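Novice: Provided below: input_11.txt, containing compact mmCIF, C-alpha atoms.
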# COMPACT_ATOMS: atom_id res chain seq x y z
CA MET M 6 -6.69 -66.30 31.72
CA LYS M 7 -8.38 -65.52 35.04
CA ILE M 8 -6.94 -62.35 36.57
CA LEU M 9 -7.68 -61.11 40.08
CA LEU M 10 -7.13 -57.34 39.98
CA SER M 11 -7.05 -55.29 43.18
CA VAL M 12 -6.72 -51.62 44.11
CA ASP M 13 -6.82 -49.66 47.36
CA PRO M 14 -10.34 -49.32 48.83
CA GLU M 15 -10.77 -45.55 49.16
CA ILE M 16 -11.74 -44.50 45.61
CA PRO M 17 -14.12 -46.13 43.09
CA VAL M 18 -12.91 -47.59 39.79
CA PRO M 19 -13.24 -45.60 37.62
CA PRO M 20 -12.94 -42.55 39.89
CA ILE M 21 -15.74 -40.02 40.01
CA HIS M 22 -13.28 -37.13 40.40
CA TYR M 23 -9.55 -37.43 41.14
CA GLY M 24 -7.96 -40.88 41.16
CA GLY M 25 -4.95 -41.49 38.96
CA ILE M 26 -4.29 -45.08 40.02
CA GLU M 27 -7.97 -45.96 39.75
CA ARG M 28 -8.04 -44.69 36.16
CA ILE M 29 -5.07 -46.92 35.37
CA VAL M 30 -6.81 -49.95 36.92
CA ASP M 31 -10.01 -49.19 35.02
CA GLY M 32 -8.11 -48.97 31.74
CA LEU M 33 -6.24 -52.21 32.40
CA ALA M 34 -9.46 -54.06 33.24
CA GLN M 35 -10.93 -52.94 29.91
CA GLU M 36 -7.83 -54.00 27.98
CA TYR M 37 -7.62 -57.37 29.73
CA HIS M 38 -11.28 -57.95 28.88
CA LYS M 39 -10.73 -56.94 25.24
CA ASN M 40 -7.98 -59.55 25.07
CA GLY M 41 -10.39 -62.26 26.19
CA HIS M 42 -9.42 -62.53 29.86
CA GLU M 43 -11.72 -62.88 32.85
CA VAL M 44 -11.21 -60.14 35.45
CA LEU M 45 -12.32 -60.19 39.08
CA LEU M 46 -11.89 -56.70 40.56
CA LEU M 47 -11.53 -56.03 44.29
CA ALA M 48 -12.28 -52.34 44.74
CA HIS M 49 -14.42 -49.65 46.39
CA PRO M 50 -18.15 -50.56 46.64
CA GLU M 51 -19.16 -47.82 44.17
CA SER M 52 -16.86 -49.17 41.44
CA SER M 53 -18.40 -49.76 38.01
CA ALA M 54 -15.45 -50.81 35.84
CA VAL M 55 -16.92 -52.12 32.60
CA GLY M 56 -13.92 -54.38 31.95
CA ALA M 57 -14.45 -56.42 35.10
CA THR M 58 -16.32 -59.72 34.84
CA GLU M 59 -17.22 -59.33 38.50
CA ILE M 60 -16.61 -56.58 41.06
CA ILE M 61 -16.17 -57.54 44.71
CA PRO M 62 -16.44 -54.58 47.14
CA TRP M 63 -13.78 -54.34 49.81
CA GLN M 64 -15.14 -54.88 53.33
CA GLY M 65 -12.77 -52.29 54.79
CA LEU M 66 -12.66 -48.85 53.19
CA SER M 67 -9.57 -47.37 54.88
CA SER M 68 -6.00 -48.41 54.08
CA SER M 69 -4.83 -46.67 57.26
CA SER M 70 -7.19 -48.60 59.56
CA LYS M 71 -5.59 -51.69 61.11
CA TRP M 72 -8.98 -53.40 61.41
CA ASP M 73 -9.87 -52.67 57.78
CA THR M 74 -6.45 -53.86 56.68
CA LEU M 75 -6.95 -57.15 58.49
CA ARG M 76 -10.42 -57.61 56.99
CA ASN M 77 -9.19 -56.88 53.46
CA THR M 78 -6.17 -59.14 53.85
CA PHE M 79 -8.31 -62.17 54.59
CA GLN M 80 -10.94 -61.12 52.04
CA LEU M 81 -8.34 -61.12 49.27
CA TYR M 82 -7.18 -64.58 50.39
CA ARG M 83 -10.74 -65.92 50.33
CA CYS M 84 -11.34 -64.45 46.87
CA SER M 85 -8.16 -66.09 45.61
CA GLN M 86 -9.44 -69.45 46.81
CA GLN M 87 -12.93 -69.00 45.35
CA PHE M 88 -11.96 -67.41 42.03
CA GLN M 89 -8.80 -69.53 41.50
CA PRO M 90 -7.02 -66.97 39.31
CA GLN M 91 -4.01 -67.83 37.17
CA VAL M 92 -2.45 -64.56 38.35
CA ILE M 93 -3.09 -61.77 40.86
CA HIS M 94 -2.36 -58.23 39.74
CA SER M 95 -2.30 -55.97 42.79
CA PHE M 96 -2.33 -52.19 42.96
CA SER M 97 -3.47 -52.43 46.59
CA ARG M 98 -1.42 -52.70 49.77
CA LEU M 99 1.29 -55.36 49.72
CA LEU M 100 0.24 -56.41 53.22
CA TYR M 101 -3.09 -57.62 51.81
CA LEU M 102 -1.15 -60.27 49.88
CA TYR M 103 0.82 -61.85 52.72
CA PRO M 104 -1.56 -64.82 53.28
CA VAL M 105 -1.65 -65.46 49.52
CA LEU M 106 2.12 -65.29 49.25
CA ALA M 107 2.64 -67.54 52.26
CA GLY M 108 -0.25 -69.97 51.78
CA THR M 109 -0.72 -70.41 48.02
CA LYS M 110 1.37 -70.76 44.90
CA ILE M 111 -0.51 -68.22 42.81
CA PRO M 112 1.79 -65.92 40.78
CA VAL M 113 1.50 -62.30 41.87
CA VAL M 114 2.41 -59.02 40.19
CA GLN M 115 2.57 -56.13 42.66
CA SER M 116 2.47 -52.71 40.96
CA TYR M 117 3.77 -49.63 42.80
CA GLN M 118 2.62 -46.09 42.09
CA ARG M 119 4.01 -44.57 45.29
CA ALA M 120 7.03 -44.75 47.61
CA ILE M 121 8.34 -48.29 48.06
CA SER M 122 9.15 -49.92 51.41
CA PRO M 123 12.37 -51.96 51.08
CA THR M 124 11.46 -53.91 54.22
CA SER M 125 7.99 -55.06 53.19
CA THR M 126 9.04 -55.90 49.63
CA SER M 127 12.00 -57.93 50.93
CA VAL M 128 9.72 -59.88 53.29
CA ALA M 129 7.25 -60.55 50.47
CA SER M 130 10.03 -61.66 48.13
CA ARG M 131 11.33 -64.13 50.68
CA MET M 132 7.83 -65.58 51.11
CA ALA M 133 6.98 -65.89 47.43
CA GLY M 134 10.32 -66.26 45.67
CA SER M 135 10.05 -66.14 41.89
CA ARG M 136 6.23 -66.21 42.02
CA LEU M 137 6.26 -62.51 42.96
CA GLN M 138 7.15 -59.92 40.35
CA LEU M 139 7.58 -56.38 41.66
CA VAL M 140 6.71 -53.59 39.24
CA ALA M 141 7.01 -49.80 39.51
CA CYS M 142 5.61 -47.15 37.18
CA ALA M 143 9.14 -45.87 36.49
CA ALA M 144 12.65 -47.26 36.98
CA HIS M 145 13.87 -44.40 39.19
CA MET M 146 11.58 -45.67 41.95
CA PHE M 147 13.59 -48.84 42.52
CA ALA M 148 17.05 -47.99 41.17
CA HIS M 149 18.36 -47.32 44.70
CA LEU M 150 16.84 -50.43 46.30
CA PRO M 151 18.71 -53.59 47.18
CA GLN M 152 18.03 -56.35 44.64
CA SER M 153 16.83 -53.80 42.12
CA ASP M 154 17.23 -56.52 39.47
CA ARG M 155 14.06 -58.13 40.89
CA TRP M 156 12.06 -55.14 39.70
CA LYS M 157 10.57 -54.20 36.37
CA ALA M 158 9.39 -50.79 35.14
CA ILE M 159 6.02 -50.63 33.37
CA TYR M 160 4.84 -47.08 32.80
CA ASN M 161 1.38 -45.61 33.25
CA PHE M 162 -0.74 -44.59 30.29
CA ALA M 163 -3.06 -41.89 29.00
CA ASN M 164 -6.39 -42.23 27.23
CA THR M 165 -5.03 -41.81 23.70
CA ASP M 166 -8.51 -42.27 22.21
CA LEU M 167 -9.93 -39.29 24.12
CA LEU M 168 -6.78 -37.17 24.08
CA VAL M 169 -5.93 -36.43 20.45
CA PRO M 170 -4.17 -33.64 18.55
CA PRO M 171 -6.17 -30.67 17.21
CA ALA M 172 -6.92 -30.12 13.54
CA LEU M 173 -3.81 -29.93 11.39
CA ASN M 174 -3.66 -26.14 11.09
CA ALA M 175 -5.04 -25.33 14.54
CA SER M 176 -3.34 -22.56 16.45
CA ARG M 177 -1.06 -23.27 19.41
CA SER M 178 -0.64 -19.97 21.18
CA TYR M 179 0.48 -20.43 24.78
CA LEU M 180 2.41 -22.50 27.31
CA ALA M 181 0.46 -24.67 29.74
CA PHE M 182 0.78 -25.87 33.32
CA LEU M 183 -1.53 -28.65 34.49
CA GLY M 184 -1.36 -30.00 38.02
CA ARG M 185 -1.79 -29.21 41.69
CA ILE M 186 -0.80 -25.66 42.60
CA GLU M 187 2.07 -26.15 45.04
CA ASP M 188 5.79 -25.55 45.31
CA ILE M 189 7.01 -29.08 44.44
CA LYS M 190 5.03 -28.95 41.20
CA GLY M 191 6.91 -25.84 40.10
CA THR M 192 3.96 -23.55 39.38
CA TYR M 193 5.96 -20.40 40.10
CA GLU M 194 8.81 -21.60 37.89
CA THR M 195 6.40 -21.83 34.93
CA ILE M 196 5.50 -18.20 35.51
CA VAL M 197 9.17 -17.21 35.43
CA VAL M 198 9.67 -19.10 32.16
CA ALA M 199 6.64 -17.40 30.60
CA GLN M 200 7.78 -13.96 31.71
CA ARG M 201 11.31 -14.46 30.42
CA THR M 202 10.15 -15.76 27.05
CA GLY M 203 7.23 -13.36 26.64
CA GLU M 204 4.88 -16.29 26.06
CA ARG M 205 1.33 -16.52 27.39
CA LEU M 206 0.83 -19.07 30.17
CA ILE M 207 -2.40 -20.82 31.15
CA ILE M 208 -2.30 -22.48 34.58
CA ALA M 209 -4.85 -25.19 35.35
CA GLY M 210 -5.22 -27.23 38.52
CA ASN M 211 -6.61 -27.36 42.00
CA ILE M 212 -5.22 -25.51 45.00
CA PRO M 213 -4.95 -27.83 48.03
CA ALA M 214 -5.98 -26.05 51.22
CA GLU M 215 -2.53 -26.53 52.72
CA HIS M 216 -0.96 -24.76 49.73
CA GLN M 217 -3.29 -21.76 49.55
CA LEU M 218 -0.57 -19.54 51.05
CA TYR M 219 1.84 -20.60 48.30
CA PHE M 220 -0.74 -19.61 45.71
CA GLU M 221 -1.35 -16.24 47.37
CA GLN M 222 2.37 -15.41 47.68
CA TYR M 223 3.88 -16.84 44.49
CA VAL M 224 1.13 -17.29 41.91
CA ARG M 225 -1.75 -14.84 42.38
CA PRO M 226 0.42 -11.67 42.22
CA HIS M 227 1.42 -12.57 38.65
CA ILE M 228 -2.04 -13.42 37.31
CA ASP M 229 -3.11 -10.60 35.01
CA GLY M 230 -5.73 -12.35 32.89
CA GLU M 231 -3.66 -11.73 29.77
CA GLN M 232 -0.12 -13.08 29.78
CA ILE M 233 -0.62 -15.19 32.93
CA GLN M 234 -4.03 -16.83 33.41
CA TYR M 235 -5.35 -19.23 36.04
CA ILE M 236 -8.44 -21.22 35.02
CA GLY M 237 -8.81 -23.51 38.06
CA PRO M 238 -9.39 -27.28 37.99
CA VAL M 239 -10.38 -28.77 34.62
CA ASN M 240 -12.53 -31.71 33.53
CA ASP M 241 -11.55 -34.08 30.70
CA GLN M 242 -12.92 -31.88 27.91
CA GLN M 243 -11.29 -28.77 29.32
CA LYS M 244 -8.00 -30.67 29.69
CA LEU M 245 -8.21 -31.71 26.04
CA ASN M 246 -8.85 -28.12 24.95
CA LEU M 247 -5.99 -26.84 27.09
CA LEU M 248 -3.42 -29.32 25.79
CA GLN M 249 -4.53 -29.04 22.15
CA GLY M 250 -3.99 -25.28 22.16
CA ALA M 251 -0.61 -25.33 23.93
CA LYS M 252 2.81 -24.92 22.33
CA ALA M 253 4.22 -27.00 25.19
CA LEU M 254 3.42 -28.28 28.64
CA LEU M 255 5.82 -27.05 31.32
CA PHE M 256 6.71 -29.62 33.99
CA PRO M 257 9.37 -28.04 36.26
CA ILE M 258 8.85 -30.40 39.19
CA LYS M 259 11.05 -30.27 42.29
CA TRP M 260 10.47 -33.81 43.57
CA ALA M 261 10.88 -37.33 42.26
CA GLU M 262 7.28 -37.78 41.11
CA PRO M 263 6.66 -41.49 40.48
CA PHE M 264 5.42 -41.01 36.91
CA GLY M 265 3.61 -37.79 36.02
CA ILE M 266 0.67 -38.92 33.90
CA VAL M 267 0.16 -35.39 32.57
CA MET M 268 3.28 -35.85 30.42
CA ALA M 269 1.72 -38.85 28.65
CA GLU M 270 -1.56 -36.92 28.29
CA SER M 271 0.30 -34.03 26.69
CA PHE M 272 2.10 -36.31 24.21
CA ALA M 273 -1.27 -37.84 23.23
CA CYS M 274 -2.35 -34.36 22.12
CA GLY M 275 0.86 -33.89 20.14
CA THR M 276 2.05 -31.33 22.69
CA PRO M 277 5.73 -31.49 23.72
CA VAL M 278 6.80 -31.40 27.35
CA LEU M 279 9.62 -29.41 28.94
CA GLY M 280 10.53 -30.90 32.31
CA PHE M 281 13.18 -30.70 34.98
CA ASN M 282 15.63 -33.59 35.19
CA ILE M 283 14.20 -35.41 38.22
CA GLY M 284 11.98 -38.41 38.91
CA SER M 285 10.56 -40.05 35.79
CA VAL M 286 11.19 -37.05 33.52
CA PRO M 287 14.41 -38.39 31.89
CA GLU M 288 12.68 -41.74 31.33
CA VAL M 289 9.60 -40.22 29.70
CA ILE M 290 10.90 -37.26 27.68
CA GLN M 291 13.10 -37.89 24.64
CA SER M 292 14.97 -34.63 24.27
CA GLY M 293 14.64 -33.21 20.79
CA VAL M 294 11.84 -35.67 19.93
CA ASN M 295 8.86 -35.03 22.23
CA GLY M 296 10.26 -32.22 24.35
CA TRP M 297 13.37 -31.46 26.35
CA VAL M 298 14.80 -32.50 29.69
CA CYS M 299 16.02 -29.29 31.36
CA GLN M 300 18.43 -28.82 34.24
CA ASP M 301 17.06 -25.46 35.35
CA ILE M 302 14.90 -22.48 34.40
CA GLU M 303 17.57 -21.13 32.04
CA GLU M 304 17.55 -24.35 30.00
CA MET M 305 13.76 -24.36 29.97
CA VAL M 306 13.72 -20.80 28.65
CA GLN M 307 16.12 -21.86 25.87
CA ALA M 308 13.97 -24.93 25.11
CA VAL M 309 10.90 -22.75 24.57
CA GLY M 310 12.84 -21.02 21.81
CA ARG M 311 13.44 -24.39 20.11
CA LEU M 312 9.86 -25.67 20.12
CA SER M 313 9.50 -25.06 16.38
CA ASP M 314 12.12 -27.80 15.85
CA LEU M 315 9.64 -30.44 17.08
CA ASN M 316 6.99 -32.22 15.02
CA HIS M 317 3.61 -32.49 16.74
CA GLN M 318 2.72 -35.73 14.92
CA ILE M 319 5.96 -37.35 16.08
CA VAL M 320 5.20 -36.20 19.62
CA ARG M 321 1.78 -37.88 19.33
CA THR M 322 3.36 -41.06 17.93
CA THR M 323 5.76 -41.38 20.88
CA GLY M 324 2.80 -41.04 23.24
CA VAL M 325 0.73 -43.73 21.52
CA GLN M 326 3.65 -46.14 21.10
CA SER M 327 4.89 -45.84 24.68
CA PHE M 328 2.01 -44.64 26.87
CA SER M 329 -1.30 -45.98 25.51
CA ALA M 330 -3.54 -48.40 27.40
CA SER M 331 -3.18 -51.19 24.83
CA VAL M 332 0.62 -51.03 24.91
CA ILE M 333 0.89 -51.01 28.71
CA ALA M 334 -1.72 -53.74 29.14
CA GLY M 335 0.19 -55.78 26.58
CA GLN M 336 3.36 -55.43 28.64
CA TYR M 337 1.54 -56.65 31.74
CA LEU M 338 -0.04 -59.58 29.88
CA SER M 339 3.37 -60.59 28.54
CA LEU M 340 4.68 -60.46 32.11
CA PHE M 341 1.83 -62.69 33.31
CA GLU M 342 2.60 -65.21 30.57
CA HIS M 343 6.28 -65.16 31.52
CA LEU M 344 5.43 -65.97 35.15
CA LEU M 345 3.07 -68.76 34.10
CA SER M 346 5.68 -70.15 31.72
CA LYS M 347 8.19 -70.38 34.55
CA ILE M 348 5.64 -72.33 36.59
CA ARG M 349 4.92 -74.69 33.70
CA ASN M 350 8.63 -75.45 33.53
CA ASP M 351 8.91 -75.82 37.32
CA PRO M 352 5.54 -76.86 38.79
CA SER M 353 6.93 -76.70 42.34
CA GLN M 354 6.84 -72.90 42.03
CA GLY M 355 3.07 -72.62 41.66
CA PHE M 356 -0.04 -73.93 40.00
CA ILE M 357 -1.91 -73.23 36.80
Using the file provided, produce a representation of the structure as structure tokens.

Specialist:
Amino acid sequence: MKILLSVDPEIPVPPIHYGGIERIVDGLAQEYHKNGHEVLLLAHPESSAVGATEIIPWQGLSSSSKWDTLRNTFQLYRCSQQFQPQVIHSFSRLLYLYPVLAGTKIPVVQSYQRAISPTSTSVASRMAGSRLQLVACAAHMFAHLPQSDRWKAIYNFANTDLLVPPALNASRSYLAFLGRIEDIKGTYETIVVAQRTGERLIIAGNIPAEHQLYFEQYVRPHIDGEQIQYIGPVNDQQKLNLLQGAKALLFPIKWAEPFGIVMAESFACGTPVLGFNIGSVPEVIQSGVNGWVCQDIEEMVQAVGRLSDLNHQIVRTTGVQSFSASVIAGQYLSLFEHLLSKIRNDPSQGFI
């Protein structure tokens, strides 16, 4: 199968530093390639994705620039005509696809990792009909939308080859927080949980400039270097070490985060997750199996006391079975085949 894969133009694939979506696209390109498919990747000029048969650099490097958007829209259309893919898998702006949706019969899968515009998705659906499959990285993102039955949830994944559990008898001696240091991520709430349970807490993550005051007021006063530690941003090896040594990852978010990849990363290390009941948390955490969904701080405190009830190997198994690259790529490939099968049965809907 020939797959045209696209992502927003700002960050290389794979990313040099931060870039959650770009890591997902890089992993999918590798898995598609492993399964014998040809992948054309439209991405940032510095992209080096090893799974791509060919990488085409975007001409415009800003999604917010109207001129760059126009250039990229027609570039994607031209690439679709030259490459003649069986399917387009887009993680880039839906607007880039309008000429393809209106002027070709190529099946398209549009994957959302951020807030969804009901207006633009409705327009695109009217243009493409059944050739367009809308996908979000969790079901909560589209549950409130009109025609939610047109959507499908396919989760994100973690690198389950890199992120693995520690040795069988390795010590797990603290609670962990991993993410941006800001109010909606619940950093302060993790401190409260640690203080109320008497557990050590290691906080890892960057402090955005606009949230420095939050750190100074709510986080720094509690850092003592013993019970409460802050170790700053971490690289992949440091992340592995952090998660392997943790009794649990605390995820007391205050907003409907689209997915929360750190939960899948924690499971890969056999580390359970305790999260607040919002966003993707109730979709990702199986209470009593790989963590607990908590309504508030009190429930999270109680859940810390029940961590010994969980089996780290089972936690790892749920991560691999539900949130590994091979599993998620397989779900996308099955979706592509379903779209192509519909076209085979009704050639008026597209071409193969």

Novice: Report as a tab-separated table: every residue of region 112-152 of chain M with an atom at most 12 Å from region 320-337 of chain M, its closest pair of atoms, and their distance in Å to one decimal, counting only C-alpha atoms, with rows sorted by chain and ascending residue number.

Specialist:
residue	atom	partner	partner_atom	distance
M:Val113	CA	M:Tyr337	CA	11.6
M:Val114	CA	M:Tyr337	CA	8.8
M:Gln115	CA	M:Tyr337	CA	11.0
M:Ser116	CA	M:Tyr337	CA	10.1
M:Gln138	CA	M:Tyr337	CA	10.8
M:Leu139	CA	M:Tyr337	CA	11.6
M:Val140	CA	M:Tyr337	CA	9.6
M:Ala141	CA	M:Tyr337	CA	11.7
M:Cys142	CA	M:Ile333	CA	10.4

Novice: For region 6-66 of chain M against region 237-259 of chain M, with a cut-off of 12 Å and counting all atoms listed in the file, what is the closest atom pair and its distance in Å to one decimal for every residue that makes the cut, ordered by chain and number, as CSV?

Specialist:
residue,atom,partner,partner_atom,distance
M:Ile21,CA,M:Asn240,CA,11.0
M:His22,CA,M:Asn240,CA,8.8
M:Tyr23,CA,M:Asn240,CA,10.0

Novice: Could the residues in this selection be written to a file with C-alpha atoms, as a PDB file, in the frame of the given file?

Specialist:
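Saved result, out-v3.pdb, follows:
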ATOM      1  CA  ILE M  21     -15.740 -40.020  40.010  1.00  0.00           C
ATOM      2  CA  HIS M  22     -13.280 -37.130  40.400  1.00  0.00           C
ATOM      3  CA  TYR M  23      -9.550 -37.430  41.140  1.00  0.00           C
TER       4      TYR M  23
END

Novice: Here is a test: counting all atoms listed in the file, which residue of M:Gly203, M:Pro112, M:Gly275, M:Pro19 is nearest to Ala172 (chain M)?

Specialist: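 For Ala172 (chain M), the nearest of the candidates is M:Gly275.
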
Novice: Report, in Å with one decimal, the straight-line distance from CA of Leu10 (chain M) to CA of Leu46 (chain M).

Specialist: 4.8 Å

Novice: Which residue out of M:Asn350, M:Lys157, M:Ala54, M:Leu344 has the minimum interatomic distance to Gly134 (chain M) when all atoms listed in the file are used?

Specialist: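 Ranking M:Asn350, M:Lys157, M:Ala54, M:Leu344 by distance to Gly134 (chain M), first place goes to M:Leu344.
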
Novice: Would you compute the distance between CA of Ser313 (chain M) and CA of Asp229 (chain M)? Give it in Å to one decimal.

Specialist: 26.7 Å

Novice: Between CA of Asn316 (chain M) and CA of Val294 (chain M), what is the distance in Å, rounded to a tenth?

Specialist: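 Taking CA of Asn316 (chain M) and CA of Val294 (chain M), their separation equals 7.7 Å.
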
Novice: Residues near Val278 (chain M), anyone? I mean within 10 Å using all atoms listed in the file, not counting same-chain ones fewer than 2 positions away, as number ranges by chain.

Specialist: M: 180-181, 252-257, 267-269, 271-272, 275-276, 280-281, 286, 289-292, 294-298, 308-309, 312, 320

Novice: Could you check which of M:Ile111, M:Leu102, M:Val197, M:Leu81 is closest to Lys7 (chain M), using all atoms listed in the file?

Specialist: M:Ile111

Novice: Find the spatial neighbours of region 119-133 of chain M, counting all atoms listed in the file, within a cut-off of 6 Å - ignore same-chain residues fewer than 3 positions away - and output them as a PyMOL selection string.

Specialist: chain M and resi 106-107+136-137

Novice: Store the residues picked out above, limited to C-alpha atoms, as a compact mmCIF listing (two decimals), in the coordinates of the input.

Specialist:
# COMPACT_ATOMS: atom_id res chain seq x y z
CA LEU M 106 2.12 -65.29 49.25
CA ALA M 107 2.64 -67.54 52.26
CA ARG M 136 6.23 -66.21 42.02
CA LEU M 137 6.26 -62.51 42.96

Novice: With all atoms listed in the file as the counted atoms, please give the residues lying no more than 8 Å from Gln234 (chain M), apart from itself and same-chain residues fewer than 6 positions off, as a list of chain:residue names.

Specialist: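 What passes the distance filter is M:Leu206, M:Ile207, M:Ile208, M:Ile228.
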
Novice: With all atoms listed in the file as the atoms that count, which of M:Phe341, M:Trp156, M:Tyr235, M:Phe79 lies nearest to Leu183 (chain M)?

Specialist: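 Going through M:Phe341, M:Trp156, M:Tyr235, M:Phe79 one by one, the smallest distance to Leu183 (chain M) is for M:Tyr235.
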
Novice: Find the spatial neighbours of Tyr101 (chain M), counting all atoms listed in the file, within a cut-off of 9 Å - ignore same-chain residues fewer than 5 positions away - and output them as a PDB file with C-alpha atoms, keeping the file's coordinate frame.

Specialist:
ATOM      1  CA  THR M  74      -6.450 -53.860  56.680  1.00  0.00           C
ATOM      2  CA  LEU M  75      -6.950 -57.150  58.490  1.00  0.00           C
ATOM      3  CA  ARG M  76     -10.420 -57.610  56.990  1.00  0.00           C
ATOM      4  CA  ASN M  77      -9.190 -56.880  53.460  1.00  0.00           C
ATOM      5  CA  THR M  78      -6.170 -59.140  53.850  1.00  0.00           C
ATOM      6  CA  PHE M  79      -8.310 -62.170  54.590  1.00  0.00           C
ATOM      7  CA  GLN M  80     -10.940 -61.120  52.040  1.00  0.00           C
ATOM      8  CA  LEU M  81      -8.340 -61.120  49.270  1.00  0.00           C
ATOM      9  CA  TYR M  82      -7.180 -64.580  50.390  1.00  0.00           C
TER      10      TYR M  82
END

Novice: In terms of the shortest atom-to-atom distance over all atoms listed in the file, which of M:Thr109, M:Asn164, M:Gln35, M:Thr202 is closest to Gly310 (chain M)?

Specialist: M:Thr202

Novice: Neighbouring residues of region 213-216 of chain M were defined as those with any atom within 10 Å, considering only C-alpha atoms; residues of the same chain fewer than 2 positions away were excluded. Please report them as a PyMOL selection string.

Specialist: chain M and resi 185-188+210-211+218-221

Novice: Using all atoms listed in the file, find the one residue out of M:Val92, M:Leu167, M:Ile60, M:Leu99 that sits nearest to Leu9 (chain M).

Specialist: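 Between M:Val92, M:Leu167, M:Ile60, M:Leu99, the residue approaching Leu9 (chain M) most closely is M:Val92.
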
Novice: Show me as a PDB file with C-alpha atoms, keeping the file's coordinate frame the residues that reach within 6 Å of (8.1, -36.5, 39.9), counting only C-alpha atoms and using the file's own coordinates.

Specialist:
ATOM      1  CA  TRP M 260      10.470 -33.810  43.570  1.00  0.00           C
ATOM      2  CA  ALA M 261      10.880 -37.330  42.260  1.00  0.00           C
ATOM      3  CA  GLU M 262       7.280 -37.780  41.110  1.00  0.00           C
ATOM      4  CA  PRO M 263       6.660 -41.490  40.480  1.00  0.00           C
ATOM      5  CA  GLY M 284      11.980 -38.410  38.910  1.00  0.00           C
ATOM      6  CA  SER M 285      10.560 -40.050  35.790  1.00  0.00           C
TER       7      SER M 285
END

Novice: Kindly add N, CA, C and O atoms to the incomplete region 313-324 of chain M and provide the output as a compact mmCIF listing (two decimals), in the coordinates of the input.

Specialist:
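selection_26.txt was written with the following content:
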# COMPACT_ATOMS: atom_id res chain seq x y z
N SER M 313 9.83 -24.92 17.81
CA SER M 313 9.50 -25.06 16.38
C SER M 313 10.29 -26.19 15.73
O SER M 313 9.96 -26.62 14.61
N ASP M 314 11.33 -26.69 16.40
CA ASP M 314 12.12 -27.80 15.85
C ASP M 314 11.38 -29.13 15.97
O ASP M 314 11.78 -30.12 15.34
N LEU M 315 10.33 -29.17 16.80
CA LEU M 315 9.64 -30.44 17.08
C LEU M 315 8.43 -30.61 16.17
O LEU M 315 7.79 -29.64 15.78
N ASN M 316 8.13 -31.87 15.86
CA ASN M 316 6.99 -32.22 15.02
C ASN M 316 5.86 -32.75 15.89
O ASN M 316 6.04 -33.75 16.60
N HIS M 317 4.71 -32.11 15.85
CA HIS M 317 3.61 -32.49 16.74
C HIS M 317 3.11 -33.92 16.48
O HIS M 317 2.71 -34.61 17.41
N GLN M 318 3.16 -34.36 15.21
CA GLN M 318 2.72 -35.73 14.92
C GLN M 318 3.69 -36.75 15.50
O GLN M 318 3.28 -37.81 16.00
N ILE M 319 4.98 -36.44 15.47
CA ILE M 319 5.96 -37.35 16.08
C ILE M 319 5.77 -37.39 17.59
O ILE M 319 5.87 -38.45 18.22
N VAL M 320 5.48 -36.23 18.18
CA VAL M 320 5.20 -36.20 19.62
C VAL M 320 4.01 -37.12 19.93
O VAL M 320 4.07 -37.94 20.86
N ARG M 321 2.96 -37.02 19.15
CA ARG M 321 1.78 -37.88 19.33
C ARG M 321 2.17 -39.36 19.18
O ARG M 321 1.74 -40.21 19.97
N THR M 322 2.97 -39.67 18.18
CA THR M 322 3.36 -41.06 17.93
C THR M 322 4.12 -41.65 19.12
O THR M 322 3.88 -42.79 19.51
N THR M 323 5.02 -40.86 19.71
CA THR M 323 5.76 -41.38 20.88
C THR M 323 4.80 -41.66 22.03
O THR M 323 5.00 -42.62 22.78
N GLY M 324 3.76 -40.82 22.17
CA GLY M 324 2.80 -41.04 23.24
C GLY M 324 2.00 -42.31 23.03
O GLY M 324 1.81 -43.10 23.97
